[in-house]
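To be precise, the following lines are query_25.txt, and they hold compact mmCIF, C-alpha atoms and all ligand atoms.
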# COMPACT_ATOMS: atom_id res chain seq x y z
CA MET A 1 0.00 0.00 0.00
CA LEU A 2 2.74 2.42 1.10
CA VAL A 3 4.76 1.56 -2.00
CA THR A 4 1.77 2.36 -4.23
CA VAL A 5 1.18 5.70 -2.52
CA LEU A 6 4.88 6.59 -2.83
CA PHE A 7 4.87 5.58 -6.48
CA ILE A 8 1.81 7.76 -7.23
CA ALA A 9 3.32 10.70 -5.29
CA GLN A 10 6.59 10.40 -7.23
CA PHE A 11 4.72 10.16 -10.51
CA LEU A 12 2.65 13.27 -9.75
CA LEU A 13 5.79 15.16 -8.72
CA LEU A 14 7.49 14.17 -11.96
CA VAL A 15 4.49 15.27 -14.05
CA THR A 16 4.39 18.62 -12.20
CA VAL A 17 8.13 19.24 -12.63
CA VAL A 18 8.11 18.31 -16.33
CA GLY A 19 4.95 20.39 -16.93
CA TYR A 20 6.50 23.38 -15.18
CA ALA A 21 9.76 23.00 -17.17
CA VAL A 22 7.85 22.87 -20.49
CA TRP A 23 5.74 25.89 -19.51
CA LEU A 24 8.90 27.81 -18.51
CA MET A 25 10.61 26.83 -21.75
CA PHE A 26 7.79 28.25 -23.87
CA LEU A 27 7.66 31.37 -21.69
CA LEU A 28 11.39 32.00 -22.09
CA LEU A 29 11.51 31.07 -25.77
CA PRO A 30 11.04 34.64 -27.07
CA ALA A 31 14.14 35.74 -25.14
CA PHE A 32 16.13 33.59 -27.56
CA THR A 33 14.16 34.51 -30.66
CA GLN A 34 14.34 38.30 -30.38
CA GLY A 35 10.63 38.73 -29.97
CA ALA A 36 8.03 39.54 -27.36
CA PRO A 37 6.82 37.01 -24.81
CA TYR A 38 3.28 35.76 -25.24
CA VAL A 39 0.81 38.43 -24.16
CA ALA A 40 -2.43 38.23 -26.09
CA THR A 41 -3.90 41.41 -27.54
CA THR A 42 -7.30 42.12 -26.00
CA HIS A 43 -10.27 41.48 -28.28
CA SER A 44 -11.22 45.18 -28.22
CA ARG A 45 -7.69 46.09 -29.37
CA VAL A 46 -7.81 43.39 -32.06
CA ALA A 47 -10.92 45.12 -33.41
CA VAL A 48 -9.08 48.48 -33.48
CA MET A 49 -6.07 46.90 -35.24
CA VAL A 50 -8.20 45.31 -37.94
CA ARG A 51 -10.19 48.51 -38.44
CA LEU A 52 -7.00 50.62 -38.78
CA ALA A 53 -5.61 48.08 -41.26
CA LYS A 54 -8.49 48.81 -43.67
CA LEU A 55 -8.17 45.30 -45.09
CA ALA A 56 -9.96 44.48 -48.31
CA PRO A 57 -11.08 40.95 -49.20
CA GLY A 58 -8.26 39.04 -50.89
CA GLU A 59 -5.47 41.11 -49.36
CA LEU A 60 -2.62 39.40 -47.52
CA ALA A 61 -1.98 40.17 -43.84
CA TYR A 62 0.93 38.91 -41.75
CA ASP A 63 1.10 38.75 -37.99
CA LEU A 64 4.70 38.62 -36.76
CA GLY A 65 4.44 36.53 -33.61
CA SER A 66 0.84 35.47 -34.04
CA GLY A 67 0.14 34.04 -30.57
CA ASP A 68 -3.15 32.15 -30.45
CA GLY A 69 -4.09 33.52 -33.88
CA ARG A 70 -6.77 35.96 -32.79
CA LEU A 71 -5.56 38.68 -35.22
CA LEU A 72 -5.27 36.17 -38.05
CA VAL A 73 -8.83 35.00 -37.45
CA ALA A 74 -10.15 38.58 -37.19
CA ALA A 75 -8.39 39.53 -40.45
CA ALA A 76 -9.74 36.42 -42.17
CA LYS A 77 -13.26 37.30 -41.05
CA VAL A 78 -13.09 40.41 -43.25
CA GLY A 79 -11.97 38.24 -46.16
CA ALA A 80 -8.19 38.69 -46.00
CA HIS A 81 -5.68 35.86 -46.36
CA SER A 82 -3.81 35.86 -43.10
CA GLN A 83 -0.43 34.35 -42.43
CA GLY A 84 1.22 34.10 -39.03
CA TYR A 85 4.68 33.23 -37.79
CA GLU A 86 4.96 31.85 -34.29
CA VAL A 87 7.79 30.14 -32.37
CA ASN A 88 5.55 28.60 -29.73
CA LEU A 89 4.21 25.30 -31.10
CA PRO A 90 1.14 24.97 -28.82
CA LEU A 91 0.05 28.44 -30.00
CA VAL A 92 0.45 27.35 -33.63
CA LEU A 93 -1.87 24.42 -32.96
CA ALA A 94 -4.30 26.68 -31.05
CA THR A 95 -4.42 28.99 -34.07
CA TYR A 96 -5.47 26.25 -36.46
CA LEU A 97 -8.15 25.17 -34.01
CA ALA A 98 -9.42 28.75 -33.59
CA ALA A 99 -9.46 29.33 -37.36
CA TYR A 100 -11.34 26.08 -37.93
CA ARG A 101 -13.87 26.89 -35.20
CA ALA A 102 -14.39 30.40 -36.64
CA GLY A 103 -15.05 28.93 -40.09
CA VAL A 104 -12.05 30.69 -41.69
CA GLY A 105 -9.65 27.75 -41.81
CA LYS A 106 -9.07 28.19 -45.53
CA LEU A 107 -7.87 31.79 -45.14
CA VAL A 108 -5.50 31.29 -42.21
CA THR A 109 -2.00 29.80 -42.28
CA VAL A 110 0.58 29.85 -39.54
CA ARG A 111 4.19 28.76 -39.75
CA TRP A 112 6.08 27.43 -36.77
CA GLY A 113 9.29 29.47 -36.78
CA SER A 114 10.87 32.86 -36.40
CA PHE A 115 9.53 35.79 -38.42
CA TRP A 116 13.06 37.15 -38.62
CA ARG A 117 13.88 34.41 -41.14
CA GLN A 118 10.84 35.09 -43.33
CA ASN A 119 10.61 37.41 -46.28
CA ILE A 120 7.46 39.46 -45.82
CA SER A 121 7.58 41.45 -49.05
CA GLN A 122 4.23 40.11 -50.29
CA ALA A 123 2.29 41.67 -47.41
CA ASP A 124 -0.46 44.23 -47.87
CA VAL A 125 -0.68 44.59 -44.10
CA VAL A 126 1.72 43.64 -41.31
CA PHE A 127 0.53 43.33 -37.72
CA VAL A 128 3.02 43.33 -34.90
CA TYR A 129 2.87 43.38 -31.12
CA GLY A 130 6.56 43.47 -30.30
CA LEU A 131 8.80 45.00 -27.67
CA SER A 132 10.47 48.40 -27.55
CA THR A 133 13.89 46.71 -27.84
CA ILE A 134 13.12 44.99 -31.17
CA MET A 135 11.34 47.90 -32.86
CA PRO A 136 14.53 49.44 -34.40
CA LYS A 137 15.49 46.10 -35.99
CA LEU A 138 11.90 45.57 -37.16
CA ALA A 139 11.86 49.05 -38.72
CA GLN A 140 15.00 48.10 -40.65
CA LYS A 141 13.39 44.85 -41.87
CA PHE A 142 10.26 46.73 -42.93
CA ARG A 143 12.31 49.33 -44.84
CA GLN A 144 14.23 46.57 -46.65
CA GLU A 145 11.34 44.26 -47.51
CA LEU A 146 7.99 46.04 -47.64
CA ALA A 147 6.64 47.61 -50.81
CA PRO A 148 5.37 51.19 -50.88
CA GLY A 149 1.76 51.33 -49.74
CA THR A 150 2.06 48.43 -47.26
CA ARG A 151 0.27 49.23 -44.00
CA ILE A 152 1.97 48.38 -40.69
CA ILE A 153 -0.19 48.11 -37.60
CA SER A 154 1.76 48.10 -34.37
CA ALA A 155 0.26 47.43 -30.96
CA ALA A 156 1.73 49.31 -28.02
CA PHE A 157 5.09 50.28 -29.54
CA GLU A 158 6.02 52.97 -32.04
CA LEU A 159 8.23 52.24 -35.02
CA PRO A 160 11.44 54.32 -35.04
CA GLY A 161 12.00 56.31 -38.22
CA PHE A 162 8.38 55.98 -39.37
CA THR A 163 5.64 58.55 -38.80
CA ALA A 164 2.30 57.18 -37.65
CA GLU A 165 -0.49 58.35 -39.92
CA ALA A 166 -3.13 57.31 -37.39
CA SER A 167 -3.29 55.98 -33.86
CA GLU A 168 -6.03 54.84 -31.54
CA GLY A 169 -5.99 53.19 -28.14
CA GLY A 170 -2.27 52.45 -28.20
CA VAL A 171 -2.30 51.12 -31.76
CA TYR A 172 -0.19 52.83 -34.45
CA ARG A 173 -0.80 52.72 -38.18
CA TYR A 174 2.07 53.36 -40.62
CA VAL A 175 2.23 53.31 -44.38
CA VAL A 176 5.46 52.47 -46.20
CA HIS A 177 6.51 55.20 -48.63
C1 LIG A 201 3.03 39.94 -27.53
S1 LIG A 201 2.65 38.33 -28.22
C2 LIG A 201 1.47 38.81 -29.46
C3 LIG A 201 0.58 37.68 -29.88
C4 LIG A 201 -0.47 38.03 -30.93
N1 LIG A 201 0.10 38.71 -32.07
C5 LIG A 201 -1.55 38.91 -30.33
O1 LIG A 201 -1.58 40.09 -30.72
O2 LIG A 201 -2.35 38.42 -29.52
C6 LIG A 201 4.15 38.01 -29.16
C7 LIG A 201 4.19 36.62 -29.77
O3 LIG A 201 5.35 36.54 -30.60
C8 LIG A 201 5.91 35.24 -30.47
N2 LIG A 201 7.31 35.37 -30.88
C9 LIG A 201 8.34 35.90 -30.20
N3 LIG A 201 9.47 35.92 -30.95
C10 LIG A 201 9.13 35.41 -32.16
C11 LIG A 201 9.84 35.17 -33.37
N4 LIG A 201 11.13 35.50 -33.50
N5 LIG A 201 9.18 34.64 -34.42
C12 LIG A 201 7.86 34.29 -34.31
N6 LIG A 201 7.13 34.48 -33.17
C13 LIG A 201 7.75 35.04 -32.13
C14 LIG A 201 5.68 34.88 -29.03
O4 LIG A 201 5.71 33.49 -28.82
C15 LIG A 201 4.28 35.49 -28.78
O5 LIG A 201 3.27 34.56 -29.05

Spit out the file's structure as structure tokens when you get a sec.
Ligand SMILES: C[S@@+](CC[C@H](N)C(=O)[O-])C[C@H]1O[C@@H](n2cnc3c(N)ncnc32)[C@H](O)[C@@H]1O
Amino acid sequence: MLVTVLFIAQFLLLVTVVGYAVWLMFLLLPAFTQGAPYVATTHSRVAVMVRLAKLAPGELAYDLGSGDGRLLVAAAKVGAHSQGYEVNLPLVLATYLAAYRAGVGKLVTVRWGSFWRQNISQADVVFVYGLSTIMPKLAQKFRQELAPGTRIISAAFELPGFTAEASEGGVYRYVVH
């Protein structure tokens, strides 16, 4: 009896430790990928971001660090093709589930990997919720890759060297010239 109890206690301890280590790993992942940790944009802010993006059906929107895919789904709901990049695998899987449940599975794609390694030149709109420390490097990537007329929608952080043409509730809208 005692042996069984000890075995179960050890097993539960092991599961807790492994679970905690995995959770910590995913939490710390962005520190190694030069991106923001996972903090989901509120649904009210998602609505502002999509409105400021002025997406038209058939346009292509990227979310750099797409989290649980809420922006991708919201963009797809207005008819845009939305493509995310995300380093956290459980969030990639959550995105596909959310897109399927919202009925926009055909318009949403998400790649498991770093957005720094992706060429984003095809974008009509780029969403980003980054960190102040990565914004200068992002601005450089945008200047190198984005075509004139591309809209950049940034949550919380301004983009150095760009002038916001609109802002609302901590969301900034830029247009590449
Ligand atoms: C602040 S959250 C924003 C999530 C989502 N865009 C939203 O608005 O709800 C930043 C996300 O970027 C992801 N991330 C961090 N560095 C990344 C990188 N180099 N490439 C792709 N995703 C990254 C994180 O895992 C996290 O989910």

Long-range neighbours of region 54-64 of chain A as a VMD selection string, 6 Å cut-off, all atoms listed in the file, 5 positions minimum in chain: chain A and resid 79 to 85 115 123 to 128

Protein and nucleic acid residues within 8 Å of ligand LIG 201 (chain A) (only C-alpha atoms and all ligand atoms) as a PyMOL selection string: chain A and resi 26-27+29-42+46+63-71+85-88+91+112-116+127-131+155

Surrounding residues of Phe157 (chain A) excluding itself and chain neighbours under 6 positions, 12 Å, only C-alpha atoms, as an MDAnalysis selection string: chainID A and resid 36 127:136 138:139 164 167 169:174

Given the selection you just returned, output its residues as a file containing C-alpha atoms, formatted as an mmCIF file, in the frame of the given file.
data_model
loop_
_atom_site.group_PDB
_atom_site.id
_atom_site.type_symbol
_atom_site.label_atom_id
_atom_site.label_comp_id
_atom_site.auth_asym_id
_atom_site.auth_seq_id
_atom_site.Cartn_x
_atom_site.Cartn_y
_atom_site.Cartn_z
ATOM 1 C CA ALA A 36 8.030 39.540 -27.360
ATOM 2 C CA PHE A 127 0.530 43.330 -37.720
ATOM 3 C CA VAL A 128 3.020 43.330 -34.900
ATOM 4 C CA TYR A 129 2.870 43.380 -31.120
ATOM 5 C CA GLY A 130 6.560 43.470 -30.300
ATOM 6 C CA LEU A 131 8.800 45.000 -27.670
ATOM 7 C CA SER A 132 10.470 48.400 -27.550
ATOM 8 C CA THR A 133 13.890 46.710 -27.840
ATOM 9 C CA ILE A 134 13.120 44.990 -31.170
ATOM 10 C CA MET A 135 11.340 47.900 -32.860
ATOM 11 C CA PRO A 136 14.530 49.440 -34.400
ATOM 12 C CA LEU A 138 11.900 45.570 -37.160
ATOM 13 C CA ALA A 139 11.860 49.050 -38.720
ATOM 14 C CA ALA A 164 2.300 57.180 -37.650
ATOM 15 C CA SER A 167 -3.290 55.980 -33.860
ATOM 16 C CA GLY A 169 -5.990 53.190 -28.140
ATOM 17 C CA GLY A 170 -2.270 52.450 -28.200
ATOM 18 C CA VAL A 171 -2.300 51.120 -31.760
ATOM 19 C CA TYR A 172 -0.190 52.830 -34.450
ATOM 20 C CA ARG A 173 -0.800 52.720 -38.180
ATOM 21 C CA TYR A 174 2.070 53.360 -40.620
#

Distance criterion (all atoms listed in the file): nearest to Ala76 (chain A) out of A:Ala47, A:Leu107, A:Leu52, A:Leu97: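 With all atoms listed in the file as the atom set, the closest residue is A:Leu107.
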
May I have the centre and edge lengths, in Å to one decimal, of an axis-aligned box around the listed atoms of region 157-163 of chain A with 8 Å added to every side, as JSON?
{"center_x": 8.5, "center_y": 54.4, "center_z": -34.5, "size_x": 22.9, "size_y": 24.3, "size_z": 25.8}

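The nearest approach to Thr150 (chain A) among the residues A:Ala53, A:Thr109, A:Ala94, A:Val78, with only C-alpha atoms taken into account, belongs to A:Ala53.
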
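Proximity ranking of A:Leu13, A:Tyr96, A:Lys106, A:Val175 relative to Pro148 (chain A) places A:Val175 first, based on all atoms listed in the file.
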
Would you list the contacts of Asn119 (chain A) as an mmCIF file with C-alpha atoms, in the coordinates of the input, taking every protein, DNA or RNA residue within 10 Å and counting only C-alpha atoms, but skipping same-chain residues closer than 6 positions in sequence?
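Saved as part_17.cif:
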data_model
loop_
_atom_site.group_PDB
_atom_site.id
_atom_site.type_symbol
_atom_site.label_atom_id
_atom_site.label_comp_id
_atom_site.auth_asym_id
_atom_site.auth_seq_id
_atom_site.Cartn_x
_atom_site.Cartn_y
_atom_site.Cartn_z
ATOM 1 C CA LYS A 141 13.390 44.850 -41.870
ATOM 2 C CA PHE A 142 10.260 46.730 -42.930
ATOM 3 C CA GLN A 144 14.230 46.570 -46.650
ATOM 4 C CA GLU A 145 11.340 44.260 -47.510
ATOM 5 C CA LEU A 146 7.990 46.040 -47.640
#

Pairwise distance for CA of Gln118 (chain A) and CA of Ala156 (chain A), rounded to one decimal in Å: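 Between these atoms lies a distance of 22.8 Å.
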
Computed interatomic separation between CA of Ala74 (chain A) and CA of Leu159 (chain A) (Å): 23.0 Å

Å distance separating CA of Arg151 (chain A) from CA of Val176 (chain A), one decimal place: 6.5 Å
